[in-house]
Amino acid sequence: MNKKDILELKRRLKKDECTFTRMCGCYVNSEKNIILKLKETFLNLRDEEFFKYLEIAKKTLSGTVGNNLLELNFPLDEDNVGSRQLSLMQLKKSQLKDDAMLDNFYKLIIDSYDYASNFLILIFHDAYDVMTKTTDNVKLDESEEIYEYLLCAICPVSLAKPALGYLEDENRIGARIRDWVVGPPDFGFVFPAFTDRSTDIHSILYYTKNPKDTHPELMEEALGCTSKQTATEQKEKFHTIIRQAIGCDEEKSEHLIMDIQESLNNIVDDYNTVSDKDAEPIILTTDNIQEILAENGISEEVSQKIEKSYTEEFGTEPPVIEHLLDKKTLAANEQRKKQEKLEKKVQVLEEMLEKTKQDTAVDQEEEAALEVADNSTLEVDSDSNLEQMSEVEAEINEDNTENEETTAPNYDVVVHVKPEKVDQIKSQIIDGQKCIVIPIDDNEQANVNGVNAVL
């Protein structure tokens, strides 16, 4: 199921469009005993309950495809008698009216679900009259097929937090009674899958609230499907493979992860540029891994370790490249590159400054004689260096502006002097006004805002 198919089902979960025929469920305590069973004609529920249950159903169709929503497949021989697939087909066909089938379904979930607290199992039956659509997504007034499906949600039930409240009967503030509250679903599924706007009895859409905690035992034991990793799990395992191949050098492994992330992102960008938006995603094969590692100058020994571990972990089903992309790592890598560029420019500036200091350390009398005899050749060289330094400073300031807001004040007076004049500048009160005093020798000139000052 793609995002478009999921949204088509989710958009129907509204008061005026919802067609759920029946809702059943059971409340299970921490000892895995059923405390309560539910059987309701959904459209007959009171409004306050109707909307709460509808919100739970809608949550089961939320999140990111590939991360919160996974398409699970039944084994090819799963349609045998007694299989999970066949049991779900029979439960759907019964429209949740067969108590024995419901009890068997509840038992499967309860026995498989590794959870230590109370929880609620809800299952909804629906029949969606799928309308024919033209190529430009305009609905036609004719039915394409009836998509009949089950939607299941498994919700945690926990005690409300202790709090004070107004006790109306006693007219006082006191401790509130702590109720057992049903939370949003942690897990759920839709069977059969709704693939390309049609029934797909060979697949299930599986929902997990936390991509790091998928409960594969539910996928395999309760639903009879092959378990699948989320994008988050694949990304973490991929990064672990790289760290283990590098060894104890954490800084080196983090830099390598950043470089690989950049290479993966470039592959995706290039592919999206030349492909349609509905094109199949790119799979990260071992050949891709070899190219990326060679591109980043990784040694043959480390490359072999990474390739071997990658094949062992993902050999049967390599992940989609986009699932391995980490936005935080990509942002950190971009910041690192800007920082390195800035450090190089600062180094150039420091070298230029040091050279200028050495050039201007010549005795002032000798410098004055040279200025008269050779039109200040040393000054020309120094000014040239200062001009290059100014260009570097401008580039550094431009880089800094991209990364953070400037907090420097807007000065009313800006003074530029040769390095040897800095020590001669002083502050002095003249006629009650604070002034900046810069001594000027007879052979020196001044320029204010581009205009030569007459001294």
# chains A, B, ... in the order shown; residues from 1 in each chain; ligands from 1

$ select_by_dssp --residues "segment 17-174 of chain A" --states "helix (DSSP H, G or I)" --output "CSV table (one decimal) with N, CA and C atoms, in the first residue's frame"
chain,number,residue,atom,x,y,z
A,42,PHE,N,-21.6,0.0,15.2
A,42,PHE,CA,-20.8,1.2,15.3
A,42,PHE,C,-21.6,2.5,15.1
A,43,LEU,N,-22.5,2.5,14.1
A,43,LEU,CA,-23.2,3.7,13.8
A,43,LEU,C,-24.3,4.1,14.9
A,44,ASN,N,-24.5,3.1,15.8
A,44,ASN,CA,-25.5,3.4,16.8
A,44,ASN,C,-24.9,3.9,18.1
A,47,ASP,N,-22.6,9.9,20.4
A,47,ASP,CA,-21.6,10.7,19.7
A,47,ASP,C,-20.2,10.8,20.4
A,48,GLU,N,-20.3,11.0,21.7
A,48,GLU,CA,-19.0,11.1,22.5
A,48,GLU,C,-18.2,9.8,22.4
A,49,GLU,N,-18.8,8.6,22.3
A,49,GLU,CA,-18.1,7.4,22.1
A,49,GLU,C,-17.7,7.2,20.7
A,50,PHE,N,-18.6,7.5,19.8
A,50,PHE,CA,-18.4,7.3,18.4
A,50,PHE,C,-17.1,8.0,17.9
A,51,PHE,N,-16.9,9.3,18.3
A,51,PHE,CA,-15.8,10.0,17.9
A,51,PHE,C,-14.5,9.5,18.5
A,52,LYS,N,-14.6,9.1,19.8
A,52,LYS,CA,-13.4,8.6,20.4
A,52,LYS,C,-12.9,7.3,19.7
A,53,TYR,N,-13.8,6.4,19.4
A,53,TYR,CA,-13.4,5.1,18.8
A,53,TYR,C,-13.0,5.4,17.3
A,54,LEU,N,-13.6,6.4,16.7
A,54,LEU,CA,-13.2,6.7,15.3
A,54,LEU,C,-11.8,7.3,15.3
A,55,GLU,N,-11.5,8.1,16.4
A,55,GLU,CA,-10.1,8.6,16.5
A,55,GLU,C,-9.1,7.5,16.6
A,56,ILE,N,-9.4,6.5,17.4
A,56,ILE,CA,-8.5,5.3,17.5
A,56,ILE,C,-8.3,4.7,16.2
A,57,ALA,N,-9.4,4.4,15.4
A,57,ALA,CA,-9.2,3.8,14.1
A,57,ALA,C,-8.4,4.6,13.2
A,58,LYS,N,-8.6,5.9,13.2
A,58,LYS,CA,-7.8,6.8,12.3
A,58,LYS,C,-6.3,6.8,12.7
A,59,LYS,N,-6.0,6.7,14.0
A,59,LYS,CA,-4.6,6.7,14.4
A,59,LYS,C,-3.9,5.4,13.8
A,84,ARG,N,-3.1,-18.4,9.5
A,84,ARG,CA,-3.5,-17.1,10.0
A,84,ARG,C,-4.3,-16.4,8.9
A,85,GLN,N,-3.8,-16.5,7.7
A,85,GLN,CA,-4.4,-15.8,6.6
A,85,GLN,C,-5.8,-16.3,6.4
A,86,LEU,N,-6.0,-17.6,6.4
A,86,LEU,CA,-7.4,-18.1,6.2
A,86,LEU,C,-8.3,-17.8,7.4
A,87,SER,N,-7.7,-17.8,8.6
A,87,SER,CA,-8.6,-17.4,9.8
A,87,SER,C,-9.0,-16.0,9.7
A,88,LEU,N,-8.2,-15.1,9.3
A,88,LEU,CA,-8.6,-13.7,9.1
A,88,LEU,C,-9.6,-13.5,8.0
A,89,MET,N,-9.5,-14.3,6.9
A,89,MET,CA,-10.4,-14.3,5.8
A,89,MET,C,-11.8,-14.7,6.3
A,90,GLN,N,-11.9,-15.7,7.2
A,90,GLN,CA,-13.1,-16.2,7.7
A,90,GLN,C,-13.7,-15.2,8.7
A,91,LEU,N,-12.9,-14.6,9.5
A,91,LEU,CA,-13.4,-13.6,10.5
A,91,LEU,C,-14.0,-12.4,9.7
A,92,LYS,N,-13.3,-12.0,8.6
A,92,LYS,CA,-13.9,-10.9,7.8
A,92,LYS,C,-15.2,-11.3,7.2
A,93,LYS,N,-15.3,-12.5,6.7
A,93,LYS,CA,-16.5,-13.0,6.0
A,93,LYS,C,-17.7,-13.0,7.0
A,99,ASP,N,-18.9,-15.5,17.5
A,99,ASP,CA,-18.2,-15.3,18.8
A,99,ASP,C,-17.0,-16.2,18.9
A,100,ALA,N,-17.1,-17.5,18.4
A,100,ALA,CA,-16.0,-18.4,18.5
A,100,ALA,C,-14.8,-17.9,17.7
A,101,MET,N,-15.1,-17.4,16.5
A,101,MET,CA,-13.9,-16.8,15.7
A,101,MET,C,-13.3,-15.6,16.4
A,102,LEU,N,-14.1,-14.8,17.0
A,102,LEU,CA,-13.6,-13.6,17.7
A,102,LEU,C,-12.8,-14.1,18.9
A,103,ASP,N,-13.2,-15.1,19.7
A,103,ASP,CA,-12.5,-15.6,20.8
A,103,ASP,C,-11.1,-16.1,20.4
A,104,ASN,N,-11.1,-16.8,19.3
A,104,ASN,CA,-9.8,-17.4,18.8
A,104,ASN,C,-8.9,-16.3,18.4
A,105,PHE,N,-9.4,-15.2,17.8
A,105,PHE,CA,-8.6,-14.1,17.4
A,105,PHE,C,-8.1,-13.4,18.6
A,106,TYR,N,-8.9,-13.1,19.6
A,106,TYR,CA,-8.4,-12.5,20.8
A,106,TYR,C,-7.3,-13.3,21.5
A,107,LYS,N,-7.5,-14.6,21.5
A,107,LYS,CA,-6.5,-15.5,22.1
A,107,LYS,C,-5.1,-15.4,21.4
A,108,LEU,N,-5.2,-15.4,20.1
A,108,LEU,CA,-4.0,-15.2,19.3
A,108,LEU,C,-3.2,-14.0,19.7
A,109,ILE,N,-3.9,-12.9,19.8
A,109,ILE,CA,-3.3,-11.6,20.1
A,109,ILE,C,-2.7,-11.6,21.5
A,110,ILE,N,-3.5,-12.1,22.5
A,110,ILE,CA,-3.1,-12.1,23.9
A,110,ILE,C,-1.9,-13.0,24.1
A,111,ASP,N,-1.9,-14.2,23.5
A,111,ASP,CA,-0.8,-15.1,23.7
A,111,ASP,C,0.5,-14.6,23.0
A,112,SER,N,0.3,-13.8,21.9
A,112,SER,CA,1.5,-13.4,21.2
A,112,SER,C,2.1,-12.1,21.7

$ residues_around --residues "Cys155 of chain A" --least-positions-apart "4" --cutoff "6 Å" --atoms "only C-alpha atoms" --output "list of chain:residue names"
A:Phe119, A:Leu120, A:Gly183, A:Pro184, A:Pro185, A:Asp186

$ residues_around --residues "Val320 of chain A" --least-positions-apart "4" --cutoff "12 Å" --atoms "only C-alpha atoms" --output "count of residues only"
24

$ closest_residue --among "A:Ile204, A:Phe124, A:Ser143, A:Leu330" --to "Asn266 of chain A" --atoms "only C-alpha atoms"
A:Leu330

$ residues_around --residues "Ser203 of chain A" --least-positions-apart "4" --cutoff "10 Å" --atoms "only C-alpha atoms" --output "list in words"
Met1, Glu71, Leu72, Asn73, Phe74, Pro75, Gln85, Val190, Phe191, Pro192, Ala193, Phe194, Thr195, Thr199 and Cys225 of chain A
